[in-house]
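Text of work33.pdb (PDB, C-alpha atoms, pLDDT in the B column) as supplied:
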```
ATOM      1  CA  MET Q  17       4.248  11.531   6.244  1.00 94.00           C
ATOM      2  CA  LYS Q  18       0.470  11.715   6.521  1.00 95.00           C
ATOM      3  CA  VAL Q  19      -1.637  11.164   3.410  1.00 96.00           C
ATOM      4  CA  ALA Q  20      -5.363  11.894   3.228  1.00 97.00           C
ATOM      5  CA  ILE Q  21      -7.421  10.578   0.339  1.00 97.00           C
ATOM      6  CA  VAL Q  22     -10.933  12.000  -0.064  1.00 97.00           C
ATOM      7  CA  THR Q  23     -12.911   9.687  -2.327  1.00 96.00           C
ATOM      8  CA  SER Q  24     -15.808   7.281  -2.746  1.00 95.00           C
ATOM      9  CA  PHE Q  25     -14.945   4.183  -0.731  1.00 95.00           C
ATOM     10  CA  PRO Q  26     -16.976   0.972  -0.351  1.00 94.00           C
ATOM     11  CA  PRO Q  27     -18.283  -0.377   2.965  1.00 91.00           C
ATOM     12  CA  ASP Q  28     -16.860  -3.793   1.986  1.00 90.00           C
ATOM     13  CA  LEU Q  29     -13.329  -3.578   0.559  1.00 88.00           C
ATOM     14  CA  GLU Q  30     -13.793  -6.870  -1.266  1.00 89.00           C
ATOM     15  CA  ARG Q  31     -16.913  -5.593  -3.095  1.00 93.00           C
ATOM     16  CA  PRO Q  32     -16.328  -2.100  -4.503  1.00 93.00           C
ATOM     17  CA  HIS Q  33     -19.199  -0.610  -6.501  1.00 93.00           C
ATOM     18  CA  GLY Q  34     -17.889   0.876  -9.713  1.00 93.00           C
ATOM     19  CA  GLY Q  35     -14.542   1.989 -11.016  1.00 94.00           C
ATOM     20  CA  VAL Q  36     -13.867   4.879  -8.634  1.00 95.00           C
ATOM     21  CA  GLU Q  37     -14.299   2.676  -5.562  1.00 94.00           C
ATOM     22  CA  ALA Q  38     -12.189  -0.115  -7.086  1.00 94.00           C
ATOM     23  CA  VAL Q  39      -9.349   2.294  -7.897  1.00 95.00           C
ATOM     24  CA  SER Q  40      -9.620   3.871  -4.425  1.00 95.00           C
ATOM     25  CA  VAL Q  41      -9.317   0.489  -2.669  1.00 93.00           C
ATOM     26  CA  ASN Q  42      -6.307  -0.522  -4.763  1.00 92.00           C
ATOM     27  CA  LEU Q  43      -4.585   2.847  -4.285  1.00 93.00           C
ATOM     28  CA  VAL Q  44      -5.119   2.842  -0.515  1.00 94.00           C
ATOM     29  CA  ARG Q  45      -3.884  -0.743  -0.146  1.00 90.00           C
ATOM     30  CA  ALA Q  46      -0.761   0.069  -2.181  1.00 90.00           C
ATOM     31  CA  LEU Q  47       0.001   3.242  -0.201  1.00 92.00           C
ATOM     32  CA  ALA Q  48      -0.607   1.444   3.107  1.00 91.00           C
ATOM     33  CA  GLU Q  49       2.211  -0.982   2.273  1.00 87.00           C
ATOM     34  CA  ASN Q  50       4.678   1.901   2.703  1.00 89.00           C
ATOM     35  CA  SER Q  51       5.608   2.033   6.389  1.00 87.00           C
ATOM     36  CA  GLU Q  52       6.645   5.694   6.058  1.00 92.00           C
ATOM     37  CA  LEU Q  53       3.068   6.748   5.259  1.00 93.00           C
ATOM     38  CA  GLU Q  54       0.141   7.222   7.617  1.00 94.00           C
ATOM     39  CA  VAL Q  55      -2.826   6.764   5.278  1.00 96.00           C
ATOM     40  CA  HIS Q  56      -6.285   8.204   6.033  1.00 97.00           C
ATOM     41  CA  VAL Q  57      -9.317   7.778   3.777  1.00 97.00           C
ATOM     42  CA  VAL Q  58     -12.203  10.241   4.073  1.00 97.00           C
ATOM     43  CA  THR Q  59     -15.566   9.389   2.528  1.00 96.00           C
ATOM     44  CA  THR Q  60     -19.262  10.139   3.048  1.00 94.00           C
ATOM     45  CA  ASP Q  61     -22.208   7.849   3.734  1.00 92.00           C
ATOM     46  CA  ARG Q  62     -25.868   8.976   3.596  1.00 90.00           C
ATOM     47  CA  SER Q  63     -26.931   6.247   6.045  1.00 90.00           C
ATOM     48  CA  LEU Q  64     -24.785   7.612   8.899  1.00 92.00           C
ATOM     49  CA  ARG Q  65     -25.907  10.010  11.635  1.00 92.00           C
ATOM     50  CA  SER Q  66     -22.423  10.434  13.131  1.00 94.00           C
ATOM     51  CA  THR Q  67     -18.828   9.947  12.051  1.00 95.00           C
ATOM     52  CA  GLU Q  68     -17.373   6.432  12.138  1.00 95.00           C
ATOM     53  CA  VAL Q  69     -13.657   5.685  12.277  1.00 95.00           C
ATOM     54  CA  SER Q  70     -12.389   2.233  11.280  1.00 92.00           C
ATOM     55  CA  MET Q  71      -8.786   1.119  11.541  1.00 90.00           C
ATOM     56  CA  PHE Q  72      -7.550  -1.580   9.205  1.00 87.00           C
ATOM     57  CA  PRO Q  73      -4.608  -3.436  10.787  1.00 79.00           C
ATOM     58  CA  SER Q  74      -1.670  -4.271   8.566  1.00 63.00           C
ATOM     59  CA  GLU Q  75      -1.484  -7.883   9.741  1.00 49.00           C
ATOM     60  CA  SER Q  76      -4.981  -8.711   8.445  1.00 42.00           C
ATOM     61  CA  ARG Q  77      -6.753  -6.701   5.784  1.00 43.00           C
ATOM     62  CA  SER Q  78     -10.070  -8.416   6.391  1.00 44.00           C
ATOM     63  CA  SER Q  79     -10.349  -7.700  10.136  1.00 45.00           C
ATOM     64  CA  VAL Q  80     -11.553  -4.245  11.076  1.00 47.00           C
ATOM     65  CA  LEU Q  81     -11.349  -2.526  14.449  1.00 43.00           C
ATOM     66  CA  ARG Q  82     -14.000   0.094  15.163  1.00 48.00           C
ATOM     67  CA  LEU Q  83     -12.426   2.514  17.623  1.00 44.00           C
ATOM     68  CA  PRO Q  84     -12.929   6.109  18.729  1.00 46.00           C
ATOM     69  CA  SER Q  85     -10.830   8.498  16.655  1.00 47.00           C
ATOM     70  CA  SER Q  86      -8.690   9.251  19.734  1.00 46.00           C
ATOM     71  CA  ALA Q  87      -7.694   5.600  20.268  1.00 43.00           C
ATOM     72  CA  PRO Q  88      -4.019   4.899  19.550  1.00 42.00           C
ATOM     73  CA  ALA Q  89      -3.373   1.927  17.302  1.00 45.00           C
ATOM     74  CA  ARG Q  90      -0.885   0.735  14.722  1.00 48.00           C
ATOM     75  CA  CYS Q  91      -2.733   0.138  11.490  1.00 54.00           C
ATOM     76  CA  SER Q  92      -2.109   0.220   7.803  1.00 88.00           C
ATOM     77  CA  PHE Q  93      -4.853   2.789   7.157  1.00 94.00           C
ATOM     78  CA  THR Q  94      -7.688   4.597   8.867  1.00 95.00           C
ATOM     79  CA  LEU Q  95     -11.112   5.074   7.275  1.00 96.00           C
ATOM     80  CA  HIS Q  96     -13.204   8.091   8.273  1.00 97.00           C
ATOM     81  CA  ARG Q  97     -16.867   7.819   7.213  1.00 96.00           C
ATOM     82  CA  LEU Q  98     -18.725  11.117   7.523  1.00 95.00           C
ATOM     83  CA  PRO Q  99     -22.492  11.567   7.363  1.00 94.00           C
ATOM     84  CA  ALA Q 100     -23.460  12.940   3.957  1.00 89.00           C
ATOM     85  CA  PRO Q 101     -26.108  15.639   3.622  1.00 82.00           C
ATOM     86  CA  GLN Q 102     -29.399  14.435   2.199  1.00 76.00           C
ATOM     87  CA  SER Q 103     -29.368  17.276  -0.333  1.00 72.00           C
ATOM     88  CA  SER Q 104     -26.910  17.678  -3.170  1.00 63.00           C
ATOM     89  CA  LEU Q 105     -23.335  18.449  -2.150  1.00 58.00           C
ATOM     90  CA  LEU Q 106     -23.185  21.059  -4.907  1.00 53.00           C
ATOM     91  CA  GLY Q 107     -26.642  22.496  -4.189  1.00 48.00           C
TER      92      GLY Q 107
END
```

Rewrite the structure from the file as structure tokens, please.
Amino acid sequence: MKVAIVTSFPPDLERPHGGVEAVSVNLVRALAENSELEVHVVTTDRSLRSTEVSMFPSESRSSVLRLPSSAPARCSFTLHRLPAPQSSLLG
């Protein structure tokens, strides 16, 4: 089963900024332990000009592989960082 979580997510998983990011990291790590789930995290980043996809392998949480979104890989979760608009999202 595929699971997509759309949330605020920190650039460094070991240093979340605020409660929402801390809860998001813990939730994603817990869900990624379930081998029946394919976990994807979608977040925005104002510093980006194009989408970045990072795959976090299950054998090492601290090592990150930056791969094109079409690259096949076994990983515990995939992080999709999208460029955020400079104006308000609600505007």

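Here CA of Leu64 (chain Q) and CA of Arg97 (chain Q) stand 8.1 Å from one another.
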
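Taking CA of Glu68 (chain Q) as the reference point, CA of Thr23 (chain Q) is found at 15.5 Å.
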
| request: Apply the PyMOL selection byres ((chain Q and resi 93) around 7) to the structure shown and report the selected residues as a list in words. | output: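 Applying the expression gives Ala48, Glu54, Val55, His56, Met71, Phe72, Cys91, Ser92, Thr94 and Leu95 of chain Q.
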
| remark: note - CA of Pro99 (chain Q) and CA of Asn50 (chain Q) are separated by 29.2 Å

| task | Could you expand the PyMOL selection byres ((chain Q and resi 37-46) around 12) into the explicit residues it covers here, written as a PyMOL selection string? | result | chain Q and resi 19-36+47-51+53-59+72-74+76-78+91-95

| query | Near Ser63 (chain Q), within 9 Å and counting only C-alpha atoms, which residues show up once chain neighbours fewer than 2 positions away are dropped, as a PyMOL selection string? | reply | chain Q and resi 61+65+99-100
